[in-house]
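Content type PDB, C-alpha atoms, pLDDT in the B column, from the file model31.pdb:
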ATOM      1  CA  MET A 137     107.008  85.077  80.291  1.00 43.00           C
ATOM      2  CA  PRO A 138     103.971  83.710  82.112  1.00 51.00           C
ATOM      3  CA  ARG A 139     101.453  84.509  79.389  1.00 53.00           C
ATOM      4  CA  ASN A 140     102.301  81.426  77.345  1.00 55.00           C
ATOM      5  CA  ASN A 141     102.105  78.706  80.011  1.00 55.00           C
ATOM      6  CA  ALA A 142      98.386  77.935  79.877  1.00 53.00           C
ATOM      7  CA  SER A 143      98.912  74.217  79.350  1.00 54.00           C
ATOM      8  CA  THR A 144      99.619  73.494  83.023  1.00 57.00           C
ATOM      9  CA  ARG A 145      96.268  74.746  84.319  1.00 62.00           C
ATOM     10  CA  ASN A 146      92.857  73.144  84.357  1.00 67.00           C
ATOM     11  CA  PRO A 147      90.425  74.570  81.807  1.00 70.00           C
ATOM     12  CA  GLN A 148      87.792  76.891  83.241  1.00 71.00           C
ATOM     13  CA  ARG A 149      84.377  75.306  83.592  1.00 70.00           C
ATOM     14  CA  ALA A 150      81.432  76.839  81.766  1.00 71.00           C
ATOM     15  CA  LYS A 151      78.930  78.857  83.827  1.00 66.00           C
ATOM     16  CA  THR A 152      75.184  79.110  83.314  1.00 68.00           C
ATOM     17  CA  VAL A 153      74.324  82.697  84.110  1.00 66.00           C
ATOM     18  CA  LEU A 154      71.069  84.427  83.271  1.00 64.00           C
ATOM     19  CA  HIS A 155      71.858  87.897  82.020  1.00 65.00           C
ATOM     20  CA  GLY A 156      68.510  88.965  80.530  1.00 63.00           C
ATOM     21  CA  PRO A 157      66.324  91.603  82.232  1.00 62.00           C
ATOM     22  CA  GLY A 158      63.678  89.092  83.348  1.00 62.00           C
ATOM     23  CA  GLY A 159      66.173  86.415  84.262  1.00 59.00           C
ATOM     24  CA  GLU A 160      66.139  84.852  80.799  1.00 59.00           C
ATOM     25  CA  ARG A 161      69.394  84.093  79.097  1.00 64.00           C
ATOM     26  CA  GLY A 162      70.731  87.096  77.256  1.00 71.00           C
ATOM     27  CA  ASP A 163      73.791  87.437  75.120  1.00 78.00           C
ATOM     28  CA  ALA A 164      74.858  90.873  76.324  1.00 82.00           C
ATOM     29  CA  PHE A 165      74.635  93.186  79.305  1.00 84.00           C
ATOM     30  CA  ARG A 166      74.917  96.915  79.628  1.00 87.00           C
ATOM     31  CA  CYS A 167      77.692  98.320  81.782  1.00 90.00           C
ATOM     32  CA  VAL A 168      76.502 100.370  84.763  1.00 89.00           C
ATOM     33  CA  GLY A 169      79.574 102.570  84.614  1.00 88.00           C
ATOM     34  CA  CYS A 170      79.989 103.567  80.967  1.00 91.00           C
ATOM     35  CA  ARG A 171      76.744 102.168  79.390  1.00 90.00           C
ATOM     36  CA  LEU A 172      78.687 100.029  76.953  1.00 90.00           C
ATOM     37  CA  ASP A 173      76.838  97.010  75.549  1.00 88.00           C
ATOM     38  CA  VAL A 174      79.077  94.100  76.476  1.00 88.00           C
ATOM     39  CA  PRO A 175      78.718  90.759  74.682  1.00 85.00           C
ATOM     40  CA  LEU A 176      79.084  87.748  76.946  1.00 81.00           C
ATOM     41  CA  MET A 177      81.333  85.780  74.648  1.00 79.00           C
ATOM     42  CA  ALA A 178      84.938  86.809  74.941  1.00 80.00           C
ATOM     43  CA  ALA A 179      88.300  85.164  74.718  1.00 79.00           C
ATOM     44  CA  GLY A 180      89.842  84.103  77.995  1.00 76.00           C
ATOM     45  CA  THR A 181      86.759  84.113  80.222  1.00 76.00           C
ATOM     46  CA  ALA A 182      83.902  81.737  80.928  1.00 75.00           C
ATOM     47  CA  HIS A 183      82.090  84.076  83.281  1.00 76.00           C
ATOM     48  CA  ARG A 184      82.385  87.689  82.344  1.00 83.00           C
ATOM     49  CA  ASN A 185      81.079  89.937  85.076  1.00 86.00           C
ATOM     50  CA  HIS A 186      82.744  93.247  84.343  1.00 91.00           C
ATOM     51  CA  CYS A 187      82.866  95.747  81.531  1.00 93.00           C
ATOM     52  CA  PRO A 188      86.002  95.404  79.390  1.00 93.00           C
ATOM     53  CA  HIS A 189      86.166  99.173  78.936  1.00 93.00           C
ATOM     54  CA  CYS A 190      85.802 100.607  82.468  1.00 93.00           C
ATOM     55  CA  LEU A 191      86.055  97.332  84.483  1.00 94.00           C
ATOM     56  CA  SER A 192      82.878  98.118  86.468  1.00 94.00           C
ATOM     57  CA  SER A 193      80.635  95.317  87.620  1.00 92.00           C
ATOM     58  CA  LEU A 194      77.248  94.859  89.278  1.00 90.00           C
ATOM     59  CA  HIS A 195      76.730  93.273  92.694  1.00 90.00           C
ATOM     60  CA  VAL A 196      74.328  90.437  91.838  1.00 87.00           C
ATOM     61  CA  ASP A 197      76.186  87.235  92.757  1.00 83.00           C
ATOM     62  CA  ARG A 198      77.570  85.793  95.955  1.00 77.00           C
ATOM     63  CA  THR A 199      79.211  82.929  94.123  1.00 74.00           C
ATOM     64  CA  PRO A 200      79.524  83.310  90.340  1.00 73.00           C
ATOM     65  CA  GLY A 201      76.195  82.912  88.582  1.00 72.00           C
ATOM     66  CA  ASP A 202      73.902  82.290  91.547  1.00 77.00           C
ATOM     67  CA  ARG A 203      72.196  85.752  91.593  1.00 80.00           C
ATOM     68  CA  ARG A 204      71.783  85.503  95.375  1.00 80.00           C
ATOM     69  CA  ALA A 205      73.039  88.989  96.277  1.00 82.00           C
ATOM     70  CA  THR A 206      70.170  91.391  96.844  1.00 85.00           C
ATOM     71  CA  CYS A 207      72.359  94.496  96.732  1.00 87.00           C
ATOM     72  CA  ARG A 208      72.591  95.255  92.976  1.00 88.00           C
ATOM     73  CA  GLY A 209      75.004  98.092  93.678  1.00 91.00           C
ATOM     74  CA  ARG A 210      77.703  99.262  91.326  1.00 93.00           C
ATOM     75  CA  MET A 211      81.072  97.587  91.846  1.00 94.00           C
ATOM     76  CA  THR A 212      84.215  99.418  90.835  1.00 94.00           C
ATOM     77  CA  ALA A 213      87.622  97.866  90.354  1.00 94.00           C
ATOM     78  CA  LEU A 214      89.637  98.282  93.533  1.00 94.00           C
ATOM     79  CA  SER A 215      92.828  96.393  92.948  1.00 93.00           C
ATOM     80  CA  VAL A 216      94.566  93.650  91.010  1.00 94.00           C
ATOM     81  CA  THR A 217      95.825  90.403  92.469  1.00 94.00           C
ATOM     82  CA  VAL A 218      97.696  87.475  90.953  1.00 93.00           C
ATOM     83  CA  ARG A 219      96.993  83.772  91.259  1.00 90.00           C
ATOM     84  CA  ASP A 220      99.799  81.283  91.687  1.00 86.00           C
ATOM     85  CA  GLY A 221      99.618  80.458  87.992  1.00 84.00           C
ATOM     86  CA  GLY A 222     100.272  84.079  87.080  1.00 85.00           C
ATOM     87  CA  GLU A 223      96.813  85.092  85.868  1.00 88.00           C
ATOM     88  CA  TRP A 224      95.425  88.404  87.018  1.00 92.00           C
ATOM     89  CA  LEU A 225      92.251  88.843  89.037  1.00 93.00           C
ATOM     90  CA  ILE A 226      90.380  92.089  89.546  1.00 94.00           C
ATOM     91  CA  VAL A 227      89.150  92.822  93.059  1.00 94.00           C
ATOM     92  CA  HIS A 228      85.801  94.597  92.854  1.00 94.00           C
ATOM     93  CA  HIS A 229      84.420  96.779  95.623  1.00 93.00           C
ATOM     94  CA  CYS A 230      80.677  97.401  95.900  1.00 92.00           C
ATOM     95  CA  GLN A 231      79.925 101.105  96.198  1.00 92.00           C
ATOM     96  CA  ARG A 232      76.647 100.417  97.956  1.00 90.00           C
ATOM     97  CA  CYS A 233      77.288  97.703 100.568  1.00 89.00           C
ATOM     98  CA  GLY A 234      81.094  97.604 100.634  1.00 88.00           C
ATOM     99  CA  GLY A 235      81.338  93.949  99.617  1.00 88.00           C
ATOM    100  CA  LEU A 236      84.341  92.588  97.759  1.00 91.00           C
ATOM    101  CA  SER A 237      84.648  90.023  94.994  1.00 91.00           C
ATOM    102  CA  VAL A 238      87.326  88.769  92.641  1.00 90.00           C
ATOM    103  CA  ASN A 239      87.042  87.867  88.975  1.00 89.00           C
ATOM    104  CA  ARG A 240      89.520  86.796  86.350  1.00 89.00           C
ATOM    105  CA  ILE A 241      90.393  89.330  83.721  1.00 91.00           C
ATOM    106  CA  ALA A 242      89.175  88.618  80.192  1.00 90.00           C
ATOM    107  CA  GLY A 243      91.200  88.695  77.024  1.00 88.00           C
ATOM    108  CA  ASP A 244      89.647  91.937  75.799  1.00 89.00           C
ATOM    109  CA  ASP A 245      89.832  93.906  79.041  1.00 91.00           C
ATOM    110  CA  ASN A 246      91.233  97.389  78.691  1.00 92.00           C
ATOM    111  CA  ALA A 247      94.973  96.965  79.171  1.00 91.00           C
ATOM    112  CA  LEU A 248      95.456 100.619  80.052  1.00 91.00           C
ATOM    113  CA  ALA A 249      92.788 100.480  82.767  1.00 93.00           C
ATOM    114  CA  LEU A 250      94.316  97.282  84.144  1.00 93.00           C
ATOM    115  CA  MET A 251      97.746  98.846  84.165  1.00 92.00           C
ATOM    116  CA  ARG A 252      96.471 101.942  85.962  1.00 91.00           C
ATOM    117  CA  LEU A 253      94.908  99.680  88.560  1.00 92.00           C
ATOM    118  CA  ALA A 254      98.104  97.714  89.080  1.00 92.00           C
ATOM    119  CA  MET A 255     100.193 100.873  89.331  1.00 91.00           C
ATOM    120  CA  ARG A 256      97.880 102.581  91.798  1.00 91.00           C
ATOM    121  CA  PRO A 257      99.572 101.390  95.028  1.00 90.00           C
ATOM    122  CA  LEU A 258     102.972 102.442  93.720  1.00 89.00           C
ATOM    123  CA  ARG A 259     101.797 105.775  92.371  1.00 82.00           C
ATOM    124  CA  MET A 260     100.052 107.049  95.472  1.00 60.00           C
ATOM    125  CA  ALA A 261     102.163 108.659  98.152  1.00 51.00           C
ATOM    126  CA  ARG A 262     101.704 106.823 101.400  1.00 50.00           C
ATOM    127  CA  GLN A 263     100.810 108.867 104.413  1.00 47.00           C
ATOM    128  CA  SER A 264     101.179 106.088 106.973  1.00 46.00           C
ATOM    129  CA  ALA A 265     104.611 104.859 105.953  1.00 48.00           C
ATOM    130  CA  PRO A 266     106.935 104.495 108.947  1.00 46.00           C
ATOM    131  CA  ALA A 267     110.163 106.417 108.940  1.00 40.00           C
ATOM    132  CA  GLY A 268     112.424 103.377 109.180  1.00 39.00           C
TER     133      GLY A 268
ATOM    134  CA  MET B  18      88.034 104.438 131.525  1.00 44.00           C
ATOM    135  CA  SER B  19      91.802 104.750 131.639  1.00 47.00           C
ATOM    136  CA  HIS B  20      91.984 101.211 132.998  1.00 52.00           C
ATOM    137  CA  SER B  21      90.207  99.738 129.976  1.00 55.00           C
ATOM    138  CA  ARG B  22      92.412 101.732 127.626  1.00 59.00           C
ATOM    139  CA  SER B  23      95.596 100.403 129.182  1.00 60.00           C
ATOM    140  CA  VAL B  24      94.227  96.851 128.920  1.00 58.00           C
ATOM    141  CA  LEU B  25      93.572  97.462 125.254  1.00 56.00           C
ATOM    142  CA  ARG B  26      97.116  98.626 124.756  1.00 66.00           C
ATOM    143  CA  THR B  27      98.780  95.604 126.388  1.00 80.00           C
ATOM    144  CA  GLU B  28      96.454  92.931 125.039  1.00 86.00           C
ATOM    145  CA  THR B  29      98.150  90.494 122.659  1.00 89.00           C
ATOM    146  CA  PHE B  30      97.186  87.791 120.187  1.00 90.00           C
ATOM    147  CA  THR B  31      99.136  84.952 118.583  1.00 92.00           C
ATOM    148  CA  CYS B  32      99.319  84.774 114.807  1.00 92.00           C
ATOM    149  CA  VAL B  33      97.679  81.635 113.392  1.00 90.00           C
ATOM    150  CA  ARG B  34     100.359  81.273 110.729  1.00 91.00           C
ATOM    151  CA  CYS B  35     103.753  82.373 112.032  1.00 92.00           C
ATOM    152  CA  GLY B  36     103.069  82.231 115.763  1.00 91.00           C
ATOM    153  CA  LEU B  37     104.210  85.784 116.436  1.00 92.00           C
ATOM    154  CA  THR B  38     102.756  87.335 119.559  1.00 92.00           C
ATOM    155  CA  ALA B  39     101.568  90.780 118.535  1.00 91.00           C
ATOM    156  CA  THR B  40      99.811  93.533 120.423  1.00 89.00           C
ATOM    157  CA  THR B  41      96.154  93.988 119.556  1.00 88.00           C
ATOM    158  CA  ALA B  42      96.615  97.724 119.175  1.00 88.00           C
ATOM    159  CA  SER B  43      98.796  99.091 116.389  1.00 88.00           C
ATOM    160  CA  PRO B  44     101.287 101.922 117.041  1.00 86.00           C
ATOM    161  CA  ALA B  45      98.632 104.374 115.883  1.00 86.00           C
ATOM    162  CA  GLY B  46      96.318 103.060 118.608  1.00 84.00           C
ATOM    163  CA  VAL B  47      93.732 101.397 116.389  1.00 87.00           C
ATOM    164  CA  ARG B  48      92.826  97.736 116.715  1.00 88.00           C
ATOM    165  CA  ARG B  49      94.613  95.561 114.189  1.00 88.00           C
ATOM    166  CA  ASN B  50      93.279  92.404 112.613  1.00 89.00           C
ATOM    167  CA  HIS B  51      96.362  90.923 110.973  1.00 93.00           C
ATOM    168  CA  CYS B  52      99.809  89.850 112.022  1.00 94.00           C
ATOM    169  CA  PRO B  53     102.380  92.599 111.414  1.00 94.00           C
ATOM    170  CA  ARG B  54     105.057  90.102 110.384  1.00 94.00           C
ATOM    171  CA  CYS B  55     103.336  87.737 107.905  1.00 94.00           C
ATOM    172  CA  LEU B  56     100.172  89.851 107.371  1.00 95.00           C
ATOM    173  CA  TYR B  57      97.896  86.830 107.800  1.00 95.00           C
ATOM    174  CA  SER B  58      94.551  87.322 109.480  1.00 93.00           C
ATOM    175  CA  ARG B  59      91.917  85.035 110.948  1.00 91.00           C
ATOM    176  CA  HIS B  60      88.335  84.669 109.747  1.00 91.00           C
ATOM    177  CA  VAL B  61      86.372  85.552 112.873  1.00 90.00           C
ATOM    178  CA  VAL B  62      83.930  88.170 111.506  1.00 85.00           C
ATOM    179  CA  ASP B  63      81.377  87.343 108.808  1.00 82.00           C
ATOM    180  CA  HIS B  64      81.279  90.468 106.635  1.00 75.00           C
ATOM    181  CA  VAL B  65      78.417  89.373 104.386  1.00 72.00           C
ATOM    182  CA  GLU B  66      75.911  88.248 106.993  1.00 73.00           C
ATOM    183  CA  GLY B  67      77.362  90.240 109.865  1.00 75.00           C
ATOM    184  CA  GLY B  68      78.271  88.997 113.305  1.00 81.00           C
ATOM    185  CA  PRO B  69      80.880  86.384 114.233  1.00 86.00           C
ATOM    186  CA  SER B  70      81.890  83.756 111.706  1.00 86.00           C
ATOM    187  CA  GLU B  71      82.126  80.059 112.527  1.00 86.00           C
ATOM    188  CA  CYS B  72      84.874  79.567 109.930  1.00 87.00           C
ATOM    189  CA  GLY B  73      87.887  80.577 112.017  1.00 87.00           C
ATOM    190  CA  ALA B  74      90.394  79.696 109.289  1.00 92.00           C
ATOM    191  CA  ARG B  75      93.408  81.776 108.386  1.00 92.00           C
ATOM    192  CA  MET B  76      93.083  84.542 105.829  1.00 94.00           C
ATOM    193  CA  ALA B  77      95.881  85.090 103.343  1.00 95.00           C
ATOM    194  CA  PRO B  78      96.779  88.590 102.116  1.00 95.00           C
ATOM    195  CA  ILE B  79      96.207  88.667  98.361  1.00 94.00           C
ATOM    196  CA  ALA B  80      96.354  92.295  97.281  1.00 94.00           C
ATOM    197  CA  VAL B  81      97.086  95.876  98.193  1.00 94.00           C
ATOM    198  CA  ALA B  82      94.390  98.432  97.483  1.00 93.00           C
ATOM    199  CA  VAL B  83      94.504 102.197  97.750  1.00 92.00           C
ATOM    200  CA  LEU B  84      91.799 103.924  99.749  1.00 87.00           C
ATOM    201  CA  ARG B  85      90.369 107.279  98.777  1.00 84.00           C
ATOM    202  CA  ASP B  86      92.659 109.120 101.178  1.00 85.00           C
ATOM    203  CA  GLY B  87      95.771 107.520  99.653  1.00 84.00           C
ATOM    204  CA  ASP B  88      96.381 105.013 102.449  1.00 87.00           C
ATOM    205  CA  TRP B  89      97.001 101.402 101.631  1.00 91.00           C
ATOM    206  CA  ALA B  90      94.570  98.660 102.561  1.00 93.00           C
ATOM    207  CA  LEU B  91      95.185  94.937 102.640  1.00 94.00           C
ATOM    208  CA  ILE B  92      92.750  92.551 100.996  1.00 95.00           C
ATOM    209  CA  HIS B  93      92.512  89.195 102.735  1.00 95.00           C
ATOM    210  CA  ARG B  94      91.007  86.011 101.386  1.00 94.00           C
ATOM    211  CA  CYS B  95      89.930  83.167 103.654  1.00 93.00           C
ATOM    212  CA  VAL B  96      91.777  80.015 102.606  1.00 93.00           C
ATOM    213  CA  THR B  97      88.815  77.793 103.550  1.00 91.00           C
ATOM    214  CA  CYS B  98      85.644  79.588 102.498  1.00 88.00           C
ATOM    215  CA  GLY B  99      87.060  82.249 100.174  1.00 88.00           C
ATOM    216  CA  GLU B 100      85.491  85.298 101.798  1.00 89.00           C
ATOM    217  CA  LEU B 101      87.230  88.596 101.121  1.00 92.00           C
ATOM    218  CA  THR B 102      87.845  91.394 103.587  1.00 91.00           C
ATOM    219  CA  SER B 103      89.814  94.593 103.454  1.00 91.00           C
ATOM    220  CA  SER B 104      91.553  96.293 106.341  1.00 91.00           C
ATOM    221  CA  PRO B 105      93.855  99.294 106.549  1.00 91.00           C
ATOM    222  CA  ILE B 106      97.529  98.593 107.085  1.00 92.00           C
ATOM    223  CA  ALA B 107      99.264  99.499 110.332  1.00 91.00           C
ATOM    224  CA  GLY B 108     102.491 101.437 110.684  1.00 89.00           C
ATOM    225  CA  ASP B 109     104.578  98.406 111.682  1.00 91.00           C
ATOM    226  CA  ASP B 110     103.310  96.008 109.029  1.00 93.00           C
ATOM    227  CA  ASN B 111     105.972  94.127 107.120  1.00 93.00           C
ATOM    228  CA  GLN B 112     107.046  96.524 104.362  1.00 92.00           C
ATOM    229  CA  PHE B 113     108.753  93.774 102.388  1.00 94.00           C
ATOM    230  CA  ILE B 114     105.601  91.675 102.011  1.00 94.00           C
ATOM    231  CA  LEU B 115     103.494  94.759 101.295  1.00 94.00           C
ATOM    232  CA  MET B 116     105.788  95.902  98.527  1.00 93.00           C
ATOM    233  CA  ARG B 117     106.071  92.376  97.161  1.00 93.00           C
ATOM    234  CA  MET B 118     102.291  92.179  96.869  1.00 93.00           C
ATOM    235  CA  ALA B 119     102.090  95.595  95.234  1.00 92.00           C
ATOM    236  CA  VAL B 120     104.612  94.763  92.499  1.00 92.00           C
ATOM    237  CA  ARG B 121     103.496  91.169  91.969  1.00 92.00           C
ATOM    238  CA  PRO B 122     101.038  92.011  89.123  1.00 92.00           C
ATOM    239  CA  LEU B 123     103.724  93.984  87.345  1.00 91.00           C
ATOM    240  CA  ALA B 124     106.126  91.053  87.561  1.00 90.00           C
ATOM    241  CA  GLU B 125     103.670  88.793  85.737  1.00 86.00           C
ATOM    242  CA  PRO B 126     101.822  90.951  83.206  1.00 88.00           C
ATOM    243  CA  PRO B 127      99.133  89.237  81.107  1.00 87.00           C
ATOM    244  CA  PHE B 128     100.002  91.345  78.079  1.00 86.00           C
ATOM    245  CA  PRO B 129     103.323  92.571  76.699  1.00 86.00           C
ATOM    246  CA  LEU B 130     104.318  95.761  78.434  1.00 85.00           C
ATOM    247  CA  GLU B 131     106.391  96.933  75.474  1.00 85.00           C
ATOM    248  CA  THR B 132     103.249  98.247  73.746  1.00 80.00           C
ATOM    249  CA  PHE B 133     102.769 100.831  76.483  1.00 81.00           C
ATOM    250  CA  GLY B 134     105.846 102.612  75.248  1.00 79.00           C
ATOM    251  CA  ASP B 135     104.095 103.337  71.954  1.00 79.00           C
ATOM    252  CA  LEU B 136     101.040 104.971  73.531  1.00 72.00           C
TER     253      LEU B 136
END
Step by step, read the file and then write its structure as structure tokens.
Amino acid sequence: MPRNNASTRNPQRAKTVLHGPGGERGDAFRCVGCRLDVPLMAAGTAHRNHCPHCLSSLHVDRTPGDRRATCRGRMTALSVTVRDGGEWLIVHHCQRCGGLSVNRIAGDDNALALMRLAMRPLRMARQSAPAG
Amino acid sequence: MSHSRSVLRTETFTCVRCGLTATTASPAGVRRNHCPRCLYSRHVVDHVEGGPSECGARMAPIAVAVLRDGDWALIHRCVTCGELTSSPIAGDDNQFILMRMAVRPLAEPPFPLETFGDL
């Protein structure tokens, strides 16, 4: 199973991200979707940008940690993709400007929400499927 | 007007990855942006700043997303600059690659799937 082969990959580098309201370093952020207070320290992630409960994010970065995006819209989880090493990434979709971003899943992300996301393409009936 | 529409229908492009010559218009009549055989695209539009992009590199399909109306959309990632775009799939897109991308997360789950049977 791919979940035990972490030794072959490079370790993730630490990020310096300012999460406080005035730009100062905070140790938690509040989710825009479900208002959960999310601590920044979690297993399996160096840059947590989404809520572990509802997987929502906020559109503040263009590259992780730079705070260059001026949108600040709510980003909902759109889909799940897989890197070559087998780790999952969530694709986020900004509800305000339509931008997309990807982020690694964290160790405490809601497994049921992740599974729903991964099953979504297979669950939905496709209208545009060709007959052949 | 009918002249420009017929030009649109017979216009072709060559895929940057597999070299397939594909029509610019999909069977449904809308303009496509990725190759129907290998699903690769080309980074010609800058979606963050707007306008044309100077990158021009190939864009790999990384995921399948479901739009609100139930249709599938492809998510592309530029192999050079990493920009992400999404585009709706066309009727003649390669079903094998689409389905392979849709089931790929389920083939490599980050947590044991056996626990879902207990829920």
Just so the selection is clear, what residues does the PyMOL selection byres ((chain A and resi 200) around 9) cover here, as a VMD selection string? chain A and resid 151 153 183 185 196 to 199 201 to 203 239
Selection from above, C-alpha atoms, as a PDB file, in the frame of the given file, can you write it?
ATOM      1  CA  LYS A 151      78.930  78.857  83.827  1.00 66.00           C
ATOM      2  CA  VAL A 153      74.324  82.697  84.110  1.00 66.00           C
ATOM      3  CA  HIS A 183      82.090  84.076  83.281  1.00 76.00           C
ATOM      4  CA  ASN A 185      81.079  89.937  85.076  1.00 86.00           C
ATOM      5  CA  VAL A 196      74.328  90.437  91.838  1.00 87.00           C
ATOM      6  CA  ASP A 197      76.186  87.235  92.757  1.00 83.00           C
ATOM      7  CA  ARG A 198      77.570  85.793  95.955  1.00 77.00           C
ATOM      8  CA  THR A 199      79.211  82.929  94.123  1.00 74.00           C
ATOM      9  CA  GLY A 201      76.195  82.912  88.582  1.00 72.00           C
ATOM     10  CA  ASP A 202      73.902  82.290  91.547  1.00 77.00           C
ATOM     11  CA  ARG A 203      72.196  85.752  91.593  1.00 80.00           C
ATOM     12  CA  ASN A 239      87.042  87.867  88.975  1.00 89.00           C
TER      13      ASN A 239
END
Give me, as a VMD selection string, all polymer residues having an atom no more than 12 Å from Thr132 (chain B), counting only C-alpha atoms and skipping those fewer than 2 positions away in the same chain. (chain A and resid 247 to 248 251) or (chain B and resid 128 to 130 134 to 136)
Can I get the selected residues back with C-alpha atoms, as an mmCIF file, keeping the file's coordinate frame?
data_model
loop_
_atom_site.group_PDB
_atom_site.id
_atom_site.type_symbol
_atom_site.label_atom_id
_atom_site.label_comp_id
_atom_site.auth_asym_id
_atom_site.auth_seq_id
_atom_site.Cartn_x
_atom_site.Cartn_y
_atom_site.Cartn_z
ATOM 1 C CA ALA A 247 94.973 96.965 79.171
ATOM 2 C CA LEU A 248 95.456 100.619 80.052
ATOM 3 C CA MET A 251 97.746 98.846 84.165
ATOM 4 C CA PHE B 128 100.002 91.345 78.079
ATOM 5 C CA PRO B 129 103.323 92.571 76.699
ATOM 6 C CA LEU B 130 104.318 95.761 78.434
ATOM 7 C CA GLY B 134 105.846 102.612 75.248
ATOM 8 C CA ASP B 135 104.095 103.337 71.954
ATOM 9 C CA LEU B 136 101.040 104.971 73.531
#
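Take the candidates B:Val47, B:Ala80, B:Leu115, B:Val62 and check each one against chain A using all atoms listed in the file; the shortest distance goes to B:Ala80.
Restricting the calculation to all atoms listed in the file, the smallest distance between Pro127 (chain B) and any of A:Asp245, A:Asp163, A:Glu223, A:Asp173 is found for A:Glu223.
Closest approach to Ala42 (chain B) among B:Leu91, B:Val65, B:Val81, B:Ala107 is made by B:Ala107 (distances from only C-alpha atoms).
For chain B, the residues no farther than 8 Å from chain A when using all atoms listed in the file are His64, Val65, Ile79, Ala80, Val81, Ala82, Val83, Gly87, Asp88, Trp89, Leu101, Thr102, Ala107, Gly108, Asp109, Ala119, Val120, Arg121, Pro122, Leu123, Glu125, Pro126, Pro127 and Phe128 of chain B.
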Next, the residues of the selection above should be written as a tab-separated table (two decimals), keeping the file's coordinate frame with C-alpha atoms.
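part-v6.tsv written:
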chain	number	residue	atom	x	y	z
B	64	HIS	CA	81.28	90.47	106.64
B	65	VAL	CA	78.42	89.37	104.39
B	79	ILE	CA	96.21	88.67	98.36
B	80	ALA	CA	96.35	92.30	97.28
B	81	VAL	CA	97.09	95.88	98.19
B	82	ALA	CA	94.39	98.43	97.48
B	83	VAL	CA	94.50	102.20	97.75
B	87	GLY	CA	95.77	107.52	99.65
B	88	ASP	CA	96.38	105.01	102.45
B	89	TRP	CA	97.00	101.40	101.63
B	101	LEU	CA	87.23	88.60	101.12
B	102	THR	CA	87.84	91.39	103.59
B	107	ALA	CA	99.26	99.50	110.33
B	108	GLY	CA	102.49	101.44	110.68
B	109	ASP	CA	104.58	98.41	111.68
B	119	ALA	CA	102.09	95.60	95.23
B	120	VAL	CA	104.61	94.76	92.50
B	121	ARG	CA	103.50	91.17	91.97
B	122	PRO	CA	101.04	92.01	89.12
B	123	LEU	CA	103.72	93.98	87.34
B	125	GLU	CA	103.67	88.79	85.74
B	126	PRO	CA	101.82	90.95	83.21
B	127	PRO	CA	99.13	89.24	81.11
B	128	PHE	CA	100.00	91.34	78.08
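Coordinates place CA of Ala178 (chain A) at a distance of 21.8 Å from CA of Arg210 (chain A).
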Output of the PyMOL selection byres ((chain A and resi 208) around 6), listed as a PyMOL selection string: chain A and resi 194-196+206-207+209
Write the selection just made, keeping C-alpha atoms, as a PDB file, in the frame of the given file?
ATOM      1  CA  LEU A 194      77.248  94.859  89.278  1.00 90.00           C
ATOM      2  CA  HIS A 195      76.730  93.273  92.694  1.00 90.00           C
ATOM      3  CA  VAL A 196      74.328  90.437  91.838  1.00 87.00           C
ATOM      4  CA  THR A 206      70.170  91.391  96.844  1.00 85.00           C
ATOM      5  CA  CYS A 207      72.359  94.496  96.732  1.00 87.00           C
ATOM      6  CA  GLY A 209      75.004  98.092  93.678  1.00 91.00           C
TER       7      GLY A 209
END
Could you list, as JSON, numbers by chain, every residue matched by the PyMOL selection byres ((chain B and resi 50) around 10) in this structure? {"B": [30, 32, 41, 42, 43, 47, 48, 49, 51, 52, 53, 56, 57, 58, 59, 60, 61, 104, 105, 106, 107]}
Residue contacts of Pro175 (chain A) (10 Å, only C-alpha atoms) excluding same-chain residues fewer than 3 positions away, as a CSV table (one decimal) with C-alpha atoms, in the coordinates of the input:
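Saved file around_27.csv follows:
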chain,number,residue,atom,x,y,z
A,162,GLY,CA,70.7,87.1,77.3
A,163,ASP,CA,73.8,87.4,75.1
A,164,ALA,CA,74.9,90.9,76.3
A,165,PHE,CA,74.6,93.2,79.3
A,166,ARG,CA,74.9,96.9,79.6
A,172,LEU,CA,78.7,100.0,77.0
A,178,ALA,CA,84.9,86.8,74.9
A,184,ARG,CA,82.4,87.7,82.3
A,187,CYS,CA,82.9,95.7,81.5
A,188,PRO,CA,86.0,95.4,79.4
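The space separating CA of Arg94 (chain B) from CA of Met76 (chain B) comes to 5.1 Å.
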